[in-house]
Structures are given as C-alpha cells and as structure tokens.
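Shown here: target04.cif, mmCIF, C-alpha atoms.
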data_coords
loop_
_atom_site.label_atom_id
_atom_site.label_comp_id
_atom_site.auth_asym_id
_atom_site.auth_seq_id
_atom_site.Cartn_x
_atom_site.Cartn_y
_atom_site.Cartn_z
CA MET T 261 32.62 -21.30 -57.22
CA SER T 262 28.89 -21.83 -57.63
CA ASP T 263 27.19 -25.19 -57.68
CA LEU T 264 26.74 -24.93 -61.44
CA GLU T 265 30.43 -24.14 -61.96
CA ARG T 266 31.43 -27.12 -59.83
CA ARG T 267 29.09 -29.44 -61.69
CA LEU T 268 30.33 -28.11 -65.00
CA ARG T 269 33.93 -28.69 -64.02
CA ASP T 270 33.15 -32.24 -62.93
CA ALA T 271 31.28 -32.85 -66.18
CA MET T 272 34.21 -31.61 -68.26
CA ILE T 273 36.69 -33.73 -66.38
CA SER T 274 34.43 -36.74 -66.80
CA ALA T 275 34.37 -36.13 -70.56
CA ALA T 276 38.04 -37.03 -70.86
CA GLU T 277 38.74 -39.62 -73.53
CA PRO T 278 42.01 -41.18 -74.61
CA PRO T 279 43.54 -39.52 -77.65
CA PRO T 280 42.89 -41.26 -80.96
CA ALA T 281 45.28 -43.97 -82.01
CA GLY T 282 47.50 -42.89 -84.87
CA LEU T 283 47.39 -39.21 -83.98
CA MET T 284 51.04 -38.70 -84.92
CA GLU T 285 50.52 -40.52 -88.21
CA GLY T 286 47.60 -38.23 -88.97
CA VAL T 287 49.73 -35.18 -88.24
CA ARG T 288 52.47 -36.52 -90.51
CA ARG T 289 50.04 -37.09 -93.37
CA ARG T 290 48.70 -33.58 -92.99
CA HIS T 291 52.20 -32.19 -93.04
CA GLN T 292 52.92 -34.10 -96.22
CA ARG T 293 49.79 -32.63 -97.83
CA HIS T 294 50.84 -29.16 -96.68
CA LEU T 295 54.24 -29.56 -98.30
CA ARG T 296 52.62 -30.68 -101.56
CA ARG T 297 50.24 -27.72 -101.55
CA ALA T 298 53.07 -25.34 -100.79
CA ALA T 299 55.01 -26.73 -103.74
CA VAL T 300 52.01 -26.24 -106.06
CA GLY T 301 51.59 -22.69 -104.72
CA CYS T 302 55.26 -21.87 -105.42
CA VAL T 303 54.95 -23.09 -109.00
CA ALA T 304 51.76 -21.05 -109.50
CA ALA T 305 53.38 -17.95 -108.00
CA ALA T 306 56.42 -18.34 -110.23
CA ALA T 307 54.18 -18.70 -113.28
CA ALA T 308 52.17 -15.62 -112.28
CA ILE T 309 55.36 -13.58 -111.86
CA ALA T 310 56.64 -14.77 -115.23
CA LEU T 311 53.36 -13.77 -116.90
CA ALA T 312 53.33 -10.38 -115.17
CA ILE T 313 56.82 -9.55 -116.41
CA VAL T 314 55.72 -9.57 -120.07
CA PRO T 315 53.25 -6.61 -119.97
CA VAL T 316 55.55 -4.66 -117.69
CA ALA T 317 58.41 -5.15 -120.15
CA HIS T 318 56.14 -4.09 -123.03
CA ALA T 319 55.08 -1.01 -121.11
CA LEU T 320 58.66 -0.07 -120.34
CA ARG T 321 59.71 -0.49 -123.96
CA ALA T 322 56.77 1.67 -125.09
CA GLY T 323 57.52 4.31 -122.47
CA LEU T 324 54.11 3.88 -120.82
CA PRO T 325 53.28 3.66 -117.14
CA SER T 326 53.57 0.07 -115.99
CA GLY T 327 50.08 -0.22 -114.51
CA PRO T 328 47.95 -3.30 -114.91
CA ALA T 329 47.04 -4.07 -118.48
CA THR T 330 43.41 -3.36 -119.23
CA SER T 331 41.39 -5.84 -121.16
CA GLY T 332 37.72 -6.24 -121.92
CA ARG T 333 37.35 -8.97 -119.34
CA PRO T 334 35.45 -8.01 -116.24
CA GLY T 335 36.44 -8.44 -112.64
CA PRO T 336 40.19 -8.93 -112.43
CA ALA T 337 41.21 -10.79 -109.30
CA PRO T 338 42.75 -8.53 -106.69
CA ALA T 339 46.48 -8.71 -106.04
CA SER T 340 47.23 -11.67 -103.84
CA GLY T 341 48.90 -9.52 -101.22
CA ALA T 342 45.86 -7.28 -100.71
CA GLY T 343 43.19 -9.96 -100.54
CA PRO T 344 39.48 -9.44 -101.02
CA THR T 345 37.81 -6.81 -98.88
CA ALA T 346 34.21 -6.31 -97.80
CA ALA T 347 32.14 -3.92 -99.88
CA PRO T 348 30.79 -0.92 -97.93
CA GLY T 349 27.99 -1.88 -95.58
CA THR T 350 28.71 -5.61 -95.78
CA VAL T 351 30.69 -8.21 -93.89
CA LEU T 352 33.28 -10.36 -95.62
CA ALA T 353 32.64 -14.09 -95.94
CA GLY T 354 36.20 -15.19 -96.64
CA CYS T 355 37.86 -18.40 -97.68
CA ASP T 356 38.57 -19.46 -94.09
CA ASN T 357 34.86 -20.12 -93.77
CA ALA T 358 34.25 -21.61 -97.20
CA ASN T 359 34.09 -25.09 -98.64
CA VAL T 360 35.90 -25.34 -101.94
CA GLY T 361 35.94 -27.79 -104.85
CA GLN T 362 34.89 -31.28 -103.98
CA ALA T 363 34.48 -30.35 -100.33
CA ALA T 364 31.76 -27.99 -101.54
CA SER T 365 30.10 -30.01 -104.30
CA GLY T 366 30.31 -33.22 -102.27
CA ASN T 367 28.11 -31.71 -99.59
CA LEU T 368 25.43 -30.44 -101.94
CA PRO T 369 22.42 -32.55 -102.91
CA PRO T 370 22.61 -33.91 -106.48
CA ASN T 371 19.75 -31.72 -107.73
CA TRP T 372 20.82 -28.56 -105.94
CA ARG T 373 20.89 -26.44 -109.11
CA GLY T 374 17.21 -27.11 -109.71
CA ARG T 375 16.26 -26.28 -106.14
CA ALA T 376 18.33 -23.13 -105.67
CA ALA T 377 17.37 -19.48 -106.04
CA LYS T 378 19.86 -18.34 -108.68
CA ALA T 379 21.44 -15.01 -109.55
CA SER T 380 24.39 -16.26 -111.57
CA PRO T 381 27.14 -16.87 -110.55
CA LEU T 382 25.62 -17.13 -107.07
CA SER T 383 22.85 -19.38 -105.78
CA PHE T 384 21.04 -19.67 -102.47
CA LEU T 385 20.13 -23.21 -101.54
CA ASN T 386 17.61 -23.61 -98.73
CA LEU T 387 18.50 -26.55 -96.48
CA GLY T 388 15.55 -26.14 -94.13
CA GLY T 389 13.78 -23.64 -91.96
CA HIS T 390 13.13 -23.36 -88.23
CA SER T 391 9.97 -21.35 -87.66
CA ASN T 392 9.03 -19.30 -84.64
CA ILE T 393 12.46 -19.52 -83.11
CA SER T 394 12.91 -17.99 -79.71
CA GLY T 395 9.19 -17.44 -79.41
CA ASN T 396 9.16 -14.55 -81.88
CA ARG T 397 8.14 -14.25 -85.51
CA LEU T 398 11.58 -14.87 -86.91
CA THR T 399 12.28 -17.83 -89.14
CA LEU T 400 15.81 -19.14 -89.41
CA TYR T 401 16.48 -20.58 -92.84
CA VAL T 402 19.64 -22.66 -93.00
CA THR T 403 21.03 -21.83 -96.43
CA THR T 404 24.14 -22.50 -98.42
CA VAL T 405 25.44 -19.85 -100.79
CA VAL T 406 27.11 -21.47 -103.80
CA ILE T 407 29.38 -19.56 -106.19
CA THR T 408 30.56 -21.13 -109.42
CA GLY T 409 32.68 -20.15 -112.39
CA LEU T 410 34.39 -17.04 -111.05
CA ARG T 411 38.10 -16.49 -110.83
CA PRO T 412 39.54 -17.03 -107.37
CA GLY T 413 39.68 -13.82 -105.38
CA THR T 414 36.73 -12.17 -107.11
CA THR T 415 33.74 -11.28 -105.01
CA VAL T 416 29.97 -11.22 -105.20
CA VAL T 417 28.13 -8.70 -103.03
CA VAL T 418 24.68 -9.50 -101.68
CA ARG T 419 22.56 -6.80 -100.03
CA VAL T 420 19.06 -6.44 -98.70
CA PRO T 421 17.53 -3.25 -100.14
CA PRO T 422 17.24 -0.58 -97.41
CA ALA T 423 13.44 -0.74 -97.33
CA ASP T 424 13.53 -4.48 -96.54
CA ARG T 425 16.33 -4.60 -93.96
CA GLN T 426 13.82 -4.90 -91.16
CA TYR T 427 12.62 -8.16 -92.72
CA LEU T 428 15.76 -10.10 -93.69
CA ARG T 429 19.25 -10.48 -92.29
CA PHE T 430 22.14 -12.74 -93.31
CA LEU T 431 24.05 -15.01 -90.94
CA TYR T 432 27.33 -15.40 -92.81
CA GLY T 433 29.55 -13.11 -90.77
CA PRO T 434 32.59 -14.46 -88.89
CA GLY T 435 30.87 -14.09 -85.52
CA ASP T 436 27.47 -15.45 -86.46
CA SER T 437 26.14 -18.58 -84.86
CA LEU T 438 23.60 -20.96 -86.30
CA ASN T 439 21.60 -22.77 -83.68
CA ALA T 440 17.86 -23.19 -83.60
CA GLY T 441 18.04 -22.64 -79.85
CA THR T 442 19.65 -19.20 -80.16
CA ALA T 443 17.61 -16.18 -79.14
CA TYR T 444 17.95 -14.40 -82.46
CA THR T 445 16.82 -10.88 -83.18
CA MET T 446 17.12 -9.01 -86.46
CA GLY T 447 20.25 -7.43 -84.98
CA SER T 448 21.90 -10.87 -84.90
CA GLY T 449 22.55 -10.79 -88.64
CA GLU T 450 23.88 -8.50 -91.36
CA SER T 451 22.13 -6.64 -94.16
CA GLY T 452 24.95 -7.30 -96.65
CA VAL T 453 27.66 -9.87 -97.28
CA THR T 454 30.66 -9.91 -99.62
CA PHE T 455 31.26 -13.52 -100.70
CA VAL T 456 34.69 -14.49 -102.05
CA MET T 457 35.32 -17.08 -104.76
CA CYS T 458 38.09 -19.21 -103.29
CA PRO T 459 40.98 -20.99 -105.01
CA LEU T 460 41.05 -24.77 -105.23
CA ASP T 461 43.47 -26.39 -102.85
CA GLY T 462 45.50 -28.08 -105.57
CA SER T 463 44.51 -31.65 -104.87
CA PRO T 464 43.34 -33.64 -107.91
CA ALA T 465 39.94 -34.30 -106.34
CA SER T 466 39.19 -30.58 -106.11
CA SER T 467 38.79 -29.94 -109.80
CA GLU T 468 35.43 -28.20 -109.87
CA PRO T 469 35.60 -24.40 -109.48
CA ILE T 470 32.93 -24.09 -106.84
CA THR T 471 32.82 -22.36 -103.45
CA ASP T 472 30.10 -22.60 -100.89
CA TYR T 473 29.32 -20.85 -97.66
CA TYR T 474 27.14 -22.47 -95.05
CA GLY T 475 25.01 -19.99 -93.15
CA GLY T 476 21.50 -18.75 -92.72
CA LEU T 477 18.83 -16.14 -93.24
CA LEU T 478 16.66 -14.58 -90.57
CA ILE T 479 13.32 -13.58 -91.99
CA GLU T 480 10.58 -11.76 -90.15
CA GLY T 481 7.30 -13.64 -90.53
CA ALA T 482 6.25 -15.66 -93.56
CA ARG T 483 7.58 -13.18 -96.03
CA CYS T 484 9.18 -13.10 -99.46
CA VAL T 485 12.03 -10.56 -99.42
CA PRO T 486 14.02 -9.20 -102.39
CA VAL T 487 17.81 -9.39 -102.27
CA ASP T 488 20.25 -7.63 -104.62
CA VAL T 489 23.14 -9.69 -105.97
CA SER T 490 26.06 -7.79 -107.54
CA PRO T 491 28.55 -9.98 -109.39
CA PRO T 492 31.86 -8.46 -110.52
CA GLY T 493 31.79 -6.44 -113.69
CA ARG T 494 28.06 -5.79 -113.74
CA ALA T 495 26.76 -2.28 -113.34
CA ARG T 496 23.33 -3.23 -112.01
CA PRO T 497 22.51 -5.87 -109.43
CA THR T 498 20.29 -8.84 -110.10
CA THR T 499 17.35 -9.15 -107.72
CA ILE T 500 16.16 -12.48 -106.38
CA SER T 501 13.53 -13.24 -103.77
CA LEU T 502 14.15 -15.30 -100.65
CA GLY T 503 11.89 -16.65 -97.93
CA ALA T 504 8.27 -17.76 -98.21
CA CYS T 505 7.92 -17.03 -101.95
CA HIS T 506 5.19 -19.04 -103.64
CA MET V 109 61.85 -48.45 -96.60
CA THR V 110 63.26 -47.68 -93.17
CA ALA V 111 61.59 -45.51 -90.60
CA GLY V 112 64.12 -42.79 -91.37
CA ASP V 113 63.37 -42.94 -95.09
CA GLN V 114 59.68 -42.71 -94.32
CA ARG V 115 60.25 -39.56 -92.34
CA ASP V 116 62.13 -38.00 -95.24
CA VAL V 117 59.35 -38.83 -97.68
CA LEU V 118 56.78 -37.23 -95.40
CA GLY V 119 58.84 -34.09 -94.95
CA TRP V 120 59.37 -34.95 -91.30
CA LYS V 121 62.73 -33.63 -90.28
CA ASP V 122 65.25 -35.37 -88.15
CA GLY V 123 65.56 -34.27 -84.57
CA ASP V 124 61.83 -33.86 -83.99
CA GLU V 125 61.68 -36.21 -81.07
CA SER V 126 60.83 -33.30 -78.81
CA PHE V 127 57.68 -32.69 -80.83
CA GLU V 128 56.71 -36.33 -80.64
CA ASP V 129 57.40 -36.31 -76.91
CA PHE V 130 55.22 -33.27 -76.56
CA VAL V 131 52.36 -34.91 -78.47
CA THR V 132 52.68 -38.09 -76.44
CA GLY V 133 52.67 -36.19 -73.17
CA SER V 134 49.90 -33.71 -73.82
CA SER V 135 47.65 -35.32 -76.41
CA ALA V 136 45.17 -36.64 -73.83
CA ARG V 137 44.55 -33.17 -72.35
CA LEU V 138 44.52 -31.49 -75.75
CA PHE V 139 42.17 -34.07 -77.21
CA THR V 140 39.69 -33.66 -74.36
CA THR V 141 39.91 -29.90 -74.83
CA ALA V 142 39.18 -30.40 -78.54
CA LEU V 143 36.27 -32.68 -77.68
CA LEU V 144 34.73 -30.08 -75.40
CA LEU V 145 35.31 -27.30 -77.92
CA THR V 146 33.57 -29.27 -80.67
CA GLY V 147 30.63 -30.30 -78.53
CA ARG V 148 31.96 -33.85 -78.00
CA HIS V 149 32.08 -34.52 -81.72
CA ARG V 150 34.89 -37.04 -81.78
CA ALA V 151 35.69 -36.95 -85.51
CA GLU V 152 35.75 -33.17 -85.54
CA ALA V 153 37.85 -33.07 -82.41
CA GLU V 154 40.39 -35.42 -83.97
CA ASP V 155 40.46 -33.39 -87.18
CA LEU V 156 40.84 -30.14 -85.26
CA LEU V 157 43.64 -31.46 -83.08
CA GLN V 158 45.52 -32.96 -86.02
CA SER V 159 45.39 -29.74 -87.99
CA VAL V 160 46.55 -27.69 -85.02
CA LEU V 161 49.39 -30.06 -84.21
CA GLU V 162 50.49 -29.97 -87.85
CA ARG V 163 50.64 -26.18 -87.73
CA ALA V 164 52.41 -26.36 -84.38
CA TYR V 165 54.97 -28.68 -85.93
CA ARG V 166 55.70 -26.18 -88.67
CA ARG V 167 56.47 -23.60 -85.97
CA TRP V 168 58.02 -26.06 -83.58
CA ARG V 169 61.47 -24.52 -83.75
CA ARG V 170 60.00 -21.39 -82.22
CA ILE V 171 57.31 -22.91 -80.02
CA GLY V 172 59.39 -25.75 -78.66
CA GLN V 173 62.37 -23.70 -77.61
CA GLY V 174 60.62 -21.61 -74.98
CA GLY V 175 59.03 -22.96 -71.86
CA ASP V 176 56.02 -25.26 -71.84
CA PRO V 177 54.53 -25.33 -75.37
CA GLU V 178 51.17 -26.69 -74.24
CA PRO V 179 49.53 -23.31 -73.43
CA TYR V 180 50.50 -22.01 -76.86
CA VAL V 181 49.15 -25.09 -78.63
CA ARG V 182 46.00 -24.97 -76.53
CA GLN V 183 45.54 -21.36 -77.60
CA MET V 184 45.94 -22.42 -81.23
CA LEU V 185 43.33 -25.10 -80.61
CA VAL V 186 40.82 -22.65 -79.15
CA ASN V 187 41.32 -20.10 -81.92
CA ALA V 188 41.09 -22.77 -84.60
CA SER V 189 37.89 -24.14 -83.12
CA VAL V 190 36.27 -20.71 -83.14
CA ASP V 191 37.53 -19.92 -86.65
CA ARG V 192 36.58 -23.24 -88.15
CA TRP V 193 33.20 -23.44 -86.54
CA ARG V 194 31.27 -22.24 -89.55
CA VAL V 195 32.77 -24.94 -91.73
CA LEU V 196 32.47 -27.62 -89.11
CA ARG V 197 28.86 -26.88 -88.32
CA ARG V 198 27.81 -28.49 -91.61
CA ARG V 199 26.61 -31.32 -89.45
CA SER V 200 22.93 -31.07 -88.67
CA GLU V 201 22.34 -28.62 -85.87
CA GLU V 202 19.71 -29.69 -83.45
CA PRO V 203 18.29 -27.77 -80.55
CA LEU V 204 19.25 -29.18 -77.19
CA LEU V 205 15.84 -30.66 -76.59
CA ALA V 206 16.05 -32.75 -79.72
CA VAL V 207 19.31 -34.35 -78.58
CA ARG V 208 18.50 -37.59 -76.92
CA ALA V 209 20.38 -38.69 -73.85
CA ASP V 210 22.75 -41.56 -74.29
CA PRO V 211 20.69 -44.66 -73.45
CA ALA V 212 23.38 -45.97 -71.19
CA ALA V 213 23.52 -42.70 -69.28
CA ALA V 214 19.77 -42.63 -68.82
CA ASP V 215 19.96 -45.76 -66.73
CA GLN V 216 22.84 -44.57 -64.63
CA ALA V 217 22.98 -42.41 -61.57
CA ALA V 218 21.54 -38.89 -61.56
CA GLU V 219 25.02 -37.45 -61.33
CA ILE V 220 26.05 -38.99 -64.61
CA ALA V 221 22.84 -37.79 -66.23
CA ASP V 222 23.50 -34.31 -64.88
CA ARG V 223 26.98 -34.29 -66.36
CA ASP V 224 25.65 -35.48 -69.67
CA LEU V 225 23.00 -32.78 -69.65
CA LEU V 226 25.56 -30.07 -68.87
CA LEU V 227 27.88 -31.27 -71.62
CA ARG V 228 25.02 -31.29 -74.12
CA ALA V 229 24.08 -27.79 -73.02
CA LEU V 230 27.72 -26.75 -73.40
CA ALA V 231 27.68 -28.08 -76.95
CA VAL V 232 24.92 -25.72 -78.06
CA LEU V 233 26.57 -22.57 -76.71
CA PRO V 234 28.15 -20.21 -79.25
CA PRO V 235 31.77 -21.25 -79.87
CA ARG V 236 33.30 -18.25 -78.11
CA GLN V 237 31.29 -18.80 -74.93
CA ARG V 238 32.06 -22.51 -75.06
CA ALA V 239 35.76 -21.73 -75.38
CA VAL V 240 35.65 -19.41 -72.37
CA LEU V 241 34.03 -22.09 -70.21
CA VAL V 242 36.43 -24.80 -71.38
CA LEU V 243 39.45 -22.64 -70.61
CA ARG V 244 38.12 -21.50 -67.25
CA TYR V 245 36.76 -24.79 -65.91
CA PHE V 246 38.58 -27.56 -67.75
CA SER V 247 41.98 -25.99 -68.36
CA ASP V 248 41.73 -24.18 -65.01
CA LEU V 249 42.95 -20.89 -66.41
CA SER V 250 42.45 -17.66 -64.51
CA GLU V 251 40.39 -14.87 -66.03
CA ALA V 252 43.59 -13.09 -67.07
CA GLN V 253 45.06 -16.23 -68.63
CA THR V 254 41.79 -16.91 -70.45
CA ALA V 255 41.77 -13.34 -71.74
CA ALA V 256 45.31 -13.76 -73.03
CA ALA V 257 44.45 -17.06 -74.70
CA LEU V 258 41.43 -15.61 -76.45
CA GLY V 259 43.00 -12.26 -77.24
CA CYS V 260 40.36 -10.26 -75.40
CA SER V 261 40.06 -8.24 -72.20
CA VAL V 262 39.50 -9.66 -68.72
CA GLY V 263 36.20 -7.78 -68.67
CA SER V 264 35.14 -9.58 -71.80
CA VAL V 265 36.03 -12.94 -70.23
CA LYS V 266 33.95 -12.05 -67.18
CA SER V 267 30.93 -11.03 -69.21
CA GLN V 268 31.25 -14.01 -71.57
CA THR V 269 31.56 -16.38 -68.62
CA SER V 270 28.56 -14.86 -66.93
CA ARG V 271 26.44 -15.02 -70.09
CA ALA V 272 27.60 -18.54 -70.87
CA LEU V 273 26.75 -19.80 -67.38
CA ALA V 274 23.35 -18.11 -67.49
CA ARG V 275 22.66 -19.66 -70.86
CA LEU V 276 23.89 -23.03 -69.66
CA ARG V 277 21.66 -22.85 -66.62
CA ALA V 278 18.66 -21.90 -68.74
CA LEU V 279 19.32 -24.63 -71.28
CA ALA V 280 19.76 -27.25 -68.60
CA GLU V 281 16.59 -26.18 -66.79
CA GLN V 282 14.65 -26.11 -70.05
CA ALA V 283 15.87 -29.58 -70.96
CA GLU V 284 15.11 -30.93 -67.51
CA LYS V 285 11.53 -29.68 -67.74
CA CYS V 286 10.99 -31.29 -71.11
CA GLU V 287 12.55 -34.71 -70.59
CA PRO V 288 9.79 -37.10 -69.51
CA GLY V 289 12.05 -39.23 -67.35
CA ARG V 290 13.35 -36.20 -65.53
CA GLN V 291 9.86 -34.86 -65.01
CA GLU V 292 8.92 -38.12 -63.37
CA ASP V 293 12.02 -37.98 -61.21
CA ALA V 294 11.21 -34.44 -60.21
CA VAL V 295 7.67 -35.43 -59.31
CA ARG V 296 8.92 -38.36 -57.23
CA ASN V 297 11.35 -36.11 -55.37
CA GLU V 298 8.56 -33.74 -54.46
#

Can I see the file as structure tokens?
Amino acid sequence: MSDLERRLRDAMISAAEPPPAGLMEGVRRRHQRHLRRAAVGCVAAAAAIALAIVPVAHALRAGLPSGPATSGRPGPAPASGAGPTAAPGTVLAGCDNANVGQAASGNLPPNWRGRAAKASPLSFLNLGGHSNISGNRLTLYVTTVVITGLRPGTTVVVRVPPADRQYLRFLYGPGDSLNAGTAYTMGSGESGVTFVMCPLDGSPASSEPITDYYGGLLIEGARCVPVDVSPPGRARPTTISLGACH
Amino acid sequence: MTAGDQRDVLGWKDGDESFEDFVTGSSARLFTTALLLTGRHRAEAEDLLQSVLERAYRRWRRIGQGGDPEPYVRQMLVNASVDRWRVLRRRSEEPLLAVRADPAAADQAAEIADRDLLLRALAVLPPRQRAVLVLRYFSDLSEAQTAAALGCSVGSVKSQTSRALARLRALAEQAEKCEPGRQEDAVRNE
C-alpha cells in the first residue's frame, strides 16, 4: 500500500460520524410514502386497463384487428412495459435522473421562462458557465433542460446538427459528470439526447406537469451553436441556438 | 395509539425486529460510507441511506434470511449513490480550489489538514471512481469483492483505482500549491 493509499484510508476512517438520530423513523416514513404511491399506481393501472378494454371490445365486435386505436392526437405514450427508448444516435435521459413536479419547479428561478432558450415543449436554462476549463478552449455551461405539458412517457429528442458536432456536446448521459475541475474534451459528451417526460409521483404537492434534467453543455470557444429539437408528433425539428449568442 | 398500532399505520409489519437490529448494528458504518460517497454532504448522505434502507426493508425477507446482509445493503448504497448522482448534484459544484478548508482544521495539526484535503479531493472525483476508493479503502474490500459490488470486472476496478488515485494525487498537489497557508508551510519546511 502506497503512502497515498494509507493516508486516504486514515482520512476515510477519520471521517466516521455517528448515524443521524431518527434514522429508523425516517425509513418508516419513506416506507409509508412508498405504500401510498403504490396504492395510487394500482388505481391508475386498473383505470388504464378498464379504459383499454373498451376499444378492444369494440374492435372485436366489429371484427377488426385489436390494435391501438388511432386518433388525431400526436405522440401516444409508449406502453408502460416497454418504456421510452433512446432515439438513434442519442443517449436516453430517463426518469431516474429527472426532477419532477414540485421537485423540478421548486428548484427553478421564478423568472426561468423569460431567461430560457425555448423550443416548446422544451427549454434550456443556463445556470452559469465555466470558461477555459482544463486549460483548453472548452466552456462548460451548467444547464437545466425543462419539459412541460407533455404526457408522461413521451420523449423529446435534441441533436446537434452533424456539421456542428465538433463545437457542442451534451452532458446529460447516465455516465456524465459535471465538475468544473474535470478534464473535459469534446468526447466527454454526447451529440444527441432523448429526454423523457416523467410522471408525477402522486403526492398532492407535485401537481405541475413539469420535468427537468440537470446537466451541461460543452461548447468549443465563444460560439453560438444551433441545436435541433424534435418534439413528438412534429415532422420537422425546431432549431434553437445555444452558447455565446448575442 | 400504541406502538403496535403505529407500526400498522405505517405499513411496518410485525416481526421486523431483525431489520431494526440490523440497522442499529450497521448504521454507523453504512452512514459513514454514505457520507464518503456523497462527498461528506451530510443531508444527502442521510437521504441516500434512508432511501436504501427503505428499499432493503421491502426486500428484507430475502436479504435478511441469508448470511450477513450488510454487504448487500452496502452494494445497494453504492449503486444508488452512482445512479442518483445527477439528481443530487443540484447543489452548487465548486472546483476543489474554491472549497475552503474548515477553519477549525486549518488550525490543527498537519495530519488533520492532510486528511481534510484528501477527503475534499475525494469529493470531486467522478462518482464511480469515488465508489471504488470507498469500497477498497474504507470498506476494505478486495479487488474481486469491489468488482462484484460494482458489477464490473476486476480489471476495471484496477484501472478505476489507478486513475482515481492519480487524480486524487493531482488534485491534492494542485490544492496544496494554491493554498496560501500551505505554501507558507512548504516554504518554512524548505
């Protein structure tokens, strides 16, 4: 064991603290909340099954295949068993990494809508930049992606156009880190992300249909880079510009 | 309301004394592990540990019937810390140099300052590398045990450990150079 390893071990041992008082009570309260959420989920699932039976029964009576009913509404939510998947060439930013409802809106500044770069239903909110990180020309912008008004399970795909991939990368993937001290390169990020609109957790406080993802952008130099945003049900993407755009 | 009624209301089943015994006996070690995994962020560590223990309770019938449940719960803790990191990092992220030393520690012996510096450097490592170091040097797991806990190969543990230690060394050296008090100490020692 090297000197550094020995010092590190000593440091970790010295970091020991007594466990918080009321740990068991906290676990109990969480379990209670889990049971409540599970009950709400069961009721919702039962209602969804009941609603699904009606078109299937109609289809059977009419002698038609019992596929999903088609309506004019865009972007049906995927079946709950399948779950959202990443669009080709993108990474999936899933609900495990999202803030939902009040947990999302409560963390946003009051005037965030006015400050954000919008491509409805998605917005990029810049929370601050760290220039010249790691001694290179990259700027790390800490940004939150906010999605509002979509049905849970639907996705919004964001891509950097091929010609601009050398200038902008996203840091929203499951393995991405976000530290100003990190030696980032353009290879540290992704050129496309599939963001998922997440369901509310069922608690009364989480009434606003809003999902946000905390992450970042790596931008080469002081540059303004176009980004294509593809919401569900739209044939053509909306383009917004991110970075040093004045 | 009696204690038993309270348990029923909270969905806490009878006969869970073994779980409570487990929490009582291992919470100190698990909490320190959580502290190290979250970069000594006490509130986050408490939140992380509570959520993991709640999930462990749901599976307690399976977890608690085998041998020692602590390694399994520790593994849950590590995985949860890595998974949740993106959500938890909402707190302002500062480079190591911007983190000021605890005033009390600054006045203490060099050994304490060194430990503090190493723990601060540990806190800015990527979560996976931090987890590897915590499992190897705090939980005293072997490379094979660490690999099993993280669901990766022994080779990956070796490379992650090596990278993490190199990064830790670089961060600590960088911080030492840039802290005025330490510079003065270094000058005096020369």

Taking the file as I've supplied it (selection: the PyMOL selection byres ((chain T) within 10 of (chain V))), which residues are included? Please answer as an MDAnalysis selection string.
chainID T and resid 264:280 283:296 356:359 367 402 404 432:442 472:475

Please compute the CA of Arg373 in chain T-CA of Cys484 in chain T distance, one decimal, in Å.
20.2 Å

Box time for range 122-136 of chain V: axis-aligned, enclosing all its listed atoms, 6 Å extra on each side; report centre and edge lengths in Å to one decimal, as AutoDock Vina command-line options.
--center_x 55.4 --center_y -35.4 --center_z -80.7 --size_x 32.4 --size_y 17.4 --size_z 27.0

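Distances to Phe430 in chain T were evaluated for T:Ile500, T:Val351, T:Ile407, T:Leu368 using all atoms listed in the file, and the minimum falls at T:Val351.
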
Excluding Ala377 in chain T and its own-chain neighbours fewer than 3 positions away, which residues fall within 9 Å of it when counting only C-alpha atoms? Please give them as a list in words.
Arg373, Gly374, Leu382, Ser383, Phe384, Leu385, Asn386, Ile500, Ser501 and Leu502 of chain T

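Each of V:Ala218, V:Ile171, V:Leu258, V:Leu249 was checked against Val186 in chain V using only C-alpha atoms; the smallest atom-to-atom distance is that of V:Leu258.
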
With only C-alpha atoms as the counted atoms, please give the residues lying no more than 10 Å from Phe130 in chain V, apart from itself and same-chain residues fewer than 6 positions off, as a list in words.
Asp124, Gly172, Asp176, Pro177 and Glu178 of chain V

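Picture a line from CA of Arg411 in chain T to CA of Met457 in chain T; it runs 6.7 Å.
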
Can you list what the PyMOL selection byres ((chain V and resi 268) around 10) grabs from this structure, as a compact mmCIF listing (two decimals) with C-alpha atoms, in the frame of the given file?
# COMPACT_ATOMS: atom_id res chain seq x y z
CA ARG V 236 33.30 -18.25 -78.11
CA GLN V 237 31.29 -18.80 -74.93
CA ARG V 238 32.06 -22.51 -75.06
CA ALA V 239 35.76 -21.73 -75.38
CA VAL V 240 35.65 -19.41 -72.37
CA LEU V 241 34.03 -22.09 -70.21
CA VAL V 262 39.50 -9.66 -68.72
CA GLY V 263 36.20 -7.78 -68.67
CA SER V 264 35.14 -9.58 -71.80
CA VAL V 265 36.03 -12.94 -70.23
CA LYS V 266 33.95 -12.05 -67.18
CA SER V 267 30.93 -11.03 -69.21
CA THR V 269 31.56 -16.38 -68.62
CA SER V 270 28.56 -14.86 -66.93
CA ARG V 271 26.44 -15.02 -70.09
CA ALA V 272 27.60 -18.54 -70.87
CA LEU V 273 26.75 -19.80 -67.38
CA ALA V 274 23.35 -18.11 -67.49

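What the PyMOL selection byres ((chain T and resi 499) around 12) matches in the given file is T:Ala377, T:Lys378, T:Ala379, T:Ser380, T:Leu382, T:Ser383, T:Val417, T:Val418, T:Arg419, T:Val420, T:Pro421, T:Val485, T:Pro486, T:Val487, T:Asp488, T:Val489, T:Ser490, T:Pro491, T:Arg496, T:Pro497, T:Thr498, T:Ile500, T:Ser501, T:Leu502.
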
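One distance worth recording is that between CA of Ala347 in chain T and CA of Pro492 in chain T, which is 11.6 Å.
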